[in-house]
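Here's run-v4.cif, which has mmCIF, C-alpha atoms:
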data_final
loop_
_atom_site.label_atom_id
_atom_site.label_comp_id
_atom_site.auth_asym_id
_atom_site.auth_seq_id
_atom_site.Cartn_x
_atom_site.Cartn_y
_atom_site.Cartn_z
CA MET A 1 38.20 18.88 -18.60
CA PRO A 2 34.59 19.95 -19.35
CA ARG A 3 33.11 18.22 -22.40
CA TYR A 4 31.02 21.22 -23.47
CA ASN A 5 31.72 24.94 -23.57
CA LYS A 6 29.09 27.52 -22.66
CA ALA A 7 27.84 28.02 -26.22
CA GLN A 8 27.49 24.28 -26.79
CA VAL A 9 25.55 23.80 -23.56
CA LYS A 10 23.16 26.60 -24.45
CA LYS A 11 22.61 25.12 -27.91
CA MET A 12 21.89 21.64 -26.55
CA VAL A 13 19.50 22.95 -23.88
CA LYS A 14 17.51 24.75 -26.58
CA LYS A 15 17.53 21.61 -28.71
CA PHE A 16 15.94 19.61 -25.91
CA GLU A 17 13.44 22.40 -25.23
CA LYS A 18 12.15 22.01 -28.78
CA ARG A 19 11.87 18.25 -28.32
CA GLY A 20 9.41 18.23 -25.45
CA GLY A 21 11.15 20.39 -22.89
CA TRP A 22 12.80 19.51 -19.59
CA ASN A 23 11.25 17.89 -16.52
CA HIS A 24 14.14 18.95 -14.28
CA LEU A 25 15.61 22.34 -13.61
CA TYR A 26 19.40 22.35 -13.90
CA HIS A 27 21.61 25.31 -13.07
CA PHE A 28 24.53 24.16 -15.20
CA PRO A 29 28.04 25.29 -14.17
CA CYS A 30 28.32 27.43 -17.31
CA GLY A 31 25.37 29.58 -16.23
CA THR A 32 22.67 28.06 -18.46
CA THR A 33 19.40 26.87 -16.90
CA THR A 34 16.97 24.34 -18.36
CA ILE A 35 13.68 25.78 -17.09
CA LYS A 36 12.93 29.50 -17.09
CA ASN A 37 9.90 29.50 -14.77
CA PRO A 38 10.29 27.06 -11.86
CA ILE A 39 7.15 25.61 -10.30
CA HIS A 40 6.59 26.30 -6.60
CA SER A 41 5.57 22.75 -5.77
CA PRO A 42 7.09 20.03 -3.52
CA GLY A 43 7.09 17.78 -6.58
CA PHE A 44 9.44 20.10 -8.50
CA ASN A 45 12.95 18.69 -8.59
CA THR A 46 14.88 21.46 -6.81
CA ASN A 47 12.27 21.68 -4.05
CA LYS A 48 12.26 17.91 -3.71
CA TRP A 49 16.05 17.82 -3.53
CA SER A 50 16.10 20.26 -0.61
CA ARG A 51 14.06 17.66 1.32
CA LEU A 52 15.84 14.63 -0.06
CA SER A 53 19.50 15.65 0.25
CA PRO A 54 19.67 15.61 4.08
CA ILE A 55 17.88 12.24 4.11
CA ILE A 56 20.55 10.74 1.85
CA ASP A 57 23.22 12.31 4.06
CA THR A 58 21.92 10.34 7.06
CA LEU A 59 22.72 7.15 5.12
CA SER A 60 26.43 8.06 4.84
CA PRO A 61 26.43 7.86 1.02
CA GLN A 62 30.20 8.12 0.53
CA GLY A 63 31.49 5.00 -1.20
CA LYS A 64 28.02 3.46 -1.57
CA THR A 65 25.85 2.52 -4.54
CA LEU A 66 22.53 4.08 -5.50
CA LEU A 67 19.78 3.22 -7.99
CA ASP A 68 17.40 5.98 -9.11
CA VAL A 69 14.28 4.30 -10.54
CA GLY A 70 12.35 6.53 -12.93
CA CYS A 71 15.22 9.01 -13.02
CA SER A 72 13.71 11.23 -15.75
CA ASP A 73 16.26 13.95 -16.68
CA GLY A 74 18.71 12.55 -14.12
CA TYR A 75 18.85 15.42 -11.62
CA PHE A 76 18.64 13.33 -8.44
CA SER A 77 21.17 10.81 -9.73
CA ILE A 78 23.63 13.55 -10.59
CA MET A 79 23.20 15.41 -7.31
CA SER A 80 23.60 12.14 -5.39
CA ALA A 81 26.71 11.16 -7.36
CA GLN A 82 28.35 14.37 -6.19
CA LYS A 83 28.14 13.10 -2.61
CA ASP A 84 31.22 10.94 -3.31
CA MET A 85 29.19 7.84 -4.01
CA LEU A 86 30.96 4.83 -5.50
CA TRP A 87 28.53 4.84 -8.40
CA VAL A 88 24.97 5.78 -9.24
CA ARG A 89 22.69 4.14 -11.80
CA GLY A 90 19.66 5.97 -13.17
CA ILE A 91 17.00 4.15 -15.17
CA ASP A 92 13.88 5.34 -16.98
CA PRO A 93 11.67 3.77 -19.69
CA ASP A 94 11.65 7.01 -21.71
CA PRO A 95 14.71 7.20 -24.01
CA ASP A 96 14.24 10.96 -24.48
CA ARG A 97 14.72 11.50 -20.73
CA ILE A 98 17.79 9.29 -20.67
CA GLU A 99 19.29 11.33 -23.49
CA ARG A 100 18.86 14.50 -21.42
CA ALA A 101 20.30 12.78 -18.35
CA ASN A 102 23.40 11.66 -20.23
CA PHE A 103 23.88 15.17 -21.57
CA ALA A 104 23.66 16.61 -18.04
CA LYS A 105 26.15 14.01 -16.83
CA ASP A 106 28.61 15.13 -19.50
CA VAL A 107 28.11 18.80 -18.60
CA TYR A 108 29.05 18.00 -15.00
CA ASN A 109 31.86 15.74 -16.25
CA LEU A 110 30.93 12.94 -13.86
CA GLU A 111 32.38 9.43 -14.13
CA ASN A 112 30.46 7.73 -11.31
CA VAL A 113 26.92 8.01 -12.69
CA PHE A 114 25.37 5.91 -15.47
CA PHE A 115 22.02 6.24 -17.26
CA GLU A 116 20.11 3.76 -19.37
CA THR A 117 16.68 3.18 -20.81
CA TYR A 118 15.36 0.36 -18.65
CA ASP A 119 12.12 -0.99 -17.18
CA LEU A 120 12.03 -1.38 -13.40
CA TYR A 121 10.31 -4.76 -13.74
CA ASP A 122 13.36 -6.10 -15.60
CA LEU A 123 15.70 -5.37 -12.69
CA ASN A 124 17.63 -8.29 -11.25
CA LYS A 125 16.18 -8.81 -7.77
CA SER A 126 19.35 -10.56 -6.63
CA GLU A 127 21.46 -7.45 -7.35
CA PRO A 128 21.32 -5.22 -4.24
CA TYR A 129 21.97 -1.49 -3.95
CA ASP A 130 22.84 0.43 -0.81
CA ILE A 131 20.22 3.07 -1.60
CA VAL A 132 17.24 2.93 -3.95
CA LEU A 133 15.27 6.04 -4.87
CA GLY A 134 11.66 5.84 -6.04
CA LEU A 135 10.75 9.49 -6.41
CA GLY A 136 7.39 10.37 -7.92
CA LEU A 137 7.27 6.72 -8.94
CA ILE A 138 4.75 4.51 -7.18
CA HIS A 139 1.75 6.67 -8.09
CA ARG A 140 2.83 6.49 -11.76
CA VAL A 141 3.11 2.72 -12.23
CA PRO A 142 0.21 0.48 -13.33
CA ASP A 143 1.12 -2.25 -10.83
CA ILE A 144 2.06 -0.67 -7.52
CA ASP A 145 2.50 -3.94 -5.59
CA SER A 146 4.89 -5.41 -8.18
CA CYS A 147 6.83 -2.15 -8.06
CA LEU A 148 7.14 -2.36 -4.27
CA ASP A 149 8.17 -6.02 -4.61
CA THR A 150 11.10 -5.02 -6.81
CA LEU A 151 12.19 -1.97 -4.81
CA SER A 152 12.14 -3.84 -1.51
CA ALA A 153 14.08 -6.78 -2.97
CA ILE A 154 16.97 -4.72 -4.31
CA GLY A 155 17.34 -1.91 -1.76
CA ARG A 156 19.01 -2.02 1.63
CA ASN A 157 17.60 1.48 2.09
CA VAL A 158 14.61 2.60 0.02
CA VAL A 159 13.45 6.20 -0.26
CA LEU A 160 9.90 6.62 -1.60
CA GLU A 161 8.33 9.97 -2.46
CA PHE A 162 4.75 9.85 -3.66
CA LYS A 163 1.39 11.53 -4.01
CA THR A 164 -0.45 10.50 -0.86
CA PHE A 165 -4.10 9.71 -0.28
CA ASN A 166 -5.12 11.50 2.90
CA SER A 167 -6.40 8.67 5.07
CA GLU A 168 -5.35 6.88 8.25
CA GLU A 169 -6.59 3.63 6.71
CA ASP A 170 -4.71 1.04 4.68
CA ILE A 171 -6.07 2.20 1.33
CA CYS A 172 -4.94 2.90 -2.22
CA ARG A 173 -7.09 5.01 -4.52
CA TYR A 174 -7.12 4.09 -8.21
CA HIS A 175 -7.11 6.89 -10.83
CA GLY A 176 -7.07 4.93 -14.07
CA GLY A 177 -3.74 6.09 -15.44
CA LYS A 178 -4.88 9.53 -16.55
CA THR A 179 -2.04 11.47 -18.13
CA LYS A 180 -1.33 15.06 -19.09
CA SER A 181 1.65 14.30 -21.31
CA ASN A 182 3.17 10.97 -22.35
CA LYS A 183 2.32 7.34 -21.58
CA TRP A 184 4.82 7.19 -18.72
CA ASN A 185 3.25 10.10 -16.86
CA GLY A 186 -0.13 8.62 -15.99
CA LEU A 187 -1.59 8.88 -12.50
CA HIS A 188 -2.52 5.32 -11.56
CA TYR A 189 -2.70 5.31 -7.76
CA THR A 190 -2.57 7.48 -4.67
CA PRO A 191 -1.78 5.23 -1.70
CA SER A 192 -2.13 6.17 1.93
CA LYS A 193 0.99 6.16 4.09
CA LYS A 194 -0.36 3.15 5.98
CA TYR A 195 -0.79 1.23 2.71
CA VAL A 196 2.82 1.78 1.67
CA ILE A 197 4.27 1.14 5.13
CA ALA A 198 2.37 -2.13 5.59
CA ARG A 199 3.53 -3.53 2.26
CA MET A 200 7.14 -2.50 2.68
CA GLN A 201 7.23 -4.00 6.16
CA ASN A 202 5.75 -7.23 4.82
CA ARG A 203 8.63 -7.27 2.33
CA GLY A 204 11.33 -7.02 4.97
CA LEU A 205 11.90 -3.28 5.36
CA SER A 206 10.62 -3.08 8.90
CA ASN A 207 12.10 0.26 9.91
CA TYR A 208 10.81 3.52 8.51
CA LYS A 209 10.83 7.27 9.01
CA ILE A 210 8.21 9.60 7.57
CA PHE A 211 9.05 13.06 6.25
CA GLU A 212 5.77 14.89 5.93
CA ASP A 213 4.85 17.40 3.26
CA SER A 214 3.74 19.95 5.82
CA GLU A 215 3.94 23.12 3.72
CA SER A 216 2.05 22.51 0.49
CA ARG A 217 -1.68 22.82 0.00
CA LEU A 218 -1.89 20.04 -2.57
CA ASN A 219 -4.83 17.65 -2.54
CA TYR A 220 -2.31 14.81 -2.65
CA LYS A 221 0.67 15.79 -0.53
CA ARG A 222 4.15 14.57 -1.44
CA THR A 223 5.19 12.31 1.43
CA ILE A 224 8.73 10.98 1.69
CA ILE A 225 9.35 7.73 3.60
CA LEU A 226 12.77 6.19 4.24
CA PHE A 227 12.65 2.40 4.70
CA THR A 228 15.57 0.39 6.01
CA LYS A 229 16.16 -3.32 6.56
#

Please lay out the structure from this file as structure tokens.
Amino acid sequence: MPRYNKAQVKKMVKKFEKRGGWNHLYHFPCGTTTIKNPIHSPGFNTNKWSRLSPIIDTLSPQGKTLLDVGCSDGYFSIMSAQKDMLWVRGIDPDPDRIERANFAKDVYNLENVFFETYDLYDLNKSEPYDIVLGLGLIHRVPDIDSCLDTLSAIGRNVVLEFKTFNSEEDICRYHGGKTKSNKWNGLHYTPSKKYVIARMQNRGLSNYKIFEDSESRLNYKRTIILFTK
């Protein structure tokens, strides 16, 4: 049975709008949406999901576990959980985002997805997941190599989506953590594809497949790479 009726969902969506808005666009089953004017960008959640969903499907997600690192409002965790996954865990250091994610989970009445305020560097590296998502993550962290250490240690399959420095060299451009909103949204790095691939291979994820951002005109295109052990 749904935990919220249409009026309650609408009220809660407006409540969160007044408290900093939504990062993710949801089309909730009751007809309410969280963002009125979607952004036509490959980094926007619904556009990103159209690229990501078939990649997850190739990993036969049914009955498997997934960790969504930096899950924000929880959209990718919730969409993944609906692929008959055993369970999905979404973590984010921002408690406001986790509150939105838990609300969305309740709207969809899902029992196989869990959200918590958590720092990726506190993850237990001996606890493996079938699939690990790092979406819009590695360019936002102040220590990219430590982040890759953790993701490669815990994921049998790791999906990275990131702002990419356009170079054929093994290079990572530093941006100083400039932010347009809160402290978790700073732009620290834009790595080249070669930089990310080399470091993930050195950490045991030797196989990879690149999904290019071929349509956008962004200065830093949003590359997706699937790494497998």

Protein and nucleic acid residues near (33.3, 24.8, -21.6) (cut-off 12 Å, all atoms listed in the file) as a ChimeraX atom specification: /A:1-10,28-32,106-109

d(atom CA of Asp130 of chain A, atom CA of Arg97 of chain A) in Å: 24.2 Å

Given the PyMOL selection byres ((chain A and resi 154) around 6), the residues it picks as a VMD selection string: chain A and resid 125 128 to 129 151 to 153 155

Residue neighbourhood Asp143 of chain A, 12 Å, all atoms listed in the file, exclusion window fewer than 3 positions, as a ChimeraX atom specification: /A:120-121,137-140,146-150,172,174,176-177,187-189

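For Ser206 of chain A, the residues within 12 Å (counting only C-alpha atoms, excluding itself and residues fewer than 5 positions away along the chain) are Ser152, Arg156, Asn157, Val158, Val196, Ile197, Ala198, Arg199, Met200, Gln201, Leu226, Phe227, Thr228 and Lys229 of chain A.
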
Picked residues, the PyMOL selection byres ((chain A and resi 44-54) around 10), as a VMD selection string: chain A and resid 23 to 27 38 to 43 55 to 59 73 75 to 76 79 to 80 83 133 135 to 136 159 161 211 to 213 222 224 226

Residue nearest Ser192 of chain A - candidates A:Tyr208, A:Phe115, A:Phe165, A:Trp22, atoms counted: all atoms listed in the file: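 The answer is A:Phe165, which sits nearest to Ser192 of chain A.
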
Minimum-distance residue to Tyr195 of chain A, chosen among A:Val132, A:Leu218, A:Ile144, A:Ile171 (using only C-alpha atoms):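 Among the listed residues, the smallest separation from Tyr195 of chain A belongs to A:Ile171.
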
Interatomic distance, atom CA of Ser60 of chain A to atom CA of Thr223 of chain A (Å, one decimal):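 Taking atom CA of Ser60 of chain A as the start and atom CA of Thr223 of chain A as the end point, the length is 21.9 Å.
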
Explicit residue set for the PyMOL selection byres ((chain A and resi 101) around 10), as an MDAnalysis selection string: chainID A and resid 24 71:75 77:78 90:92 95:100 102:107 113:116

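Comparing the minimum interatomic distances between Gly186 of chain A and each of A:Val141, A:Val13, A:Thr65, A:Tyr118, counting all atoms listed in the file, we find that A:Val141 sits nearest.
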
Straight-line distance linking atom CA of Leu123 of chain A with atom CA of Asp170 of chain A, stated in Å to one decimal: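 Pair atom CA of Leu123 of chain A / atom CA of Asp170 of chain A returns 27.6 Å.
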
Residue with smallest distance to Asp84 of chain A - pool A:Asn207, A:Gln62, A:Asn202, A:Ser126, counting only C-alpha atoms: A:Gln62

Test item: residues at most 10 Å from Glu111 of chain A, only C-alpha atoms, excluding those fewer than 6 positions along its chain, as a PyMOL selection string: chain A and resi 81+86-88+105

Among listed residues A:Lys36, A:Lys163, A:Lys64, A:Arg89, nearest Asn219 of chain A (using all atoms listed in the file):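 Once distances to Asn219 of chain A are computed over all atoms listed in the file, the minimum belongs to A:Lys163.
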
Best match for closeness to Leu160 of chain A among A:Gly21, A:Pro61, A:Gly134, A:Pro93, counting all atoms listed in the file: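 The shortest atom-to-atom distance to Leu160 of chain A comes from A:Gly134.
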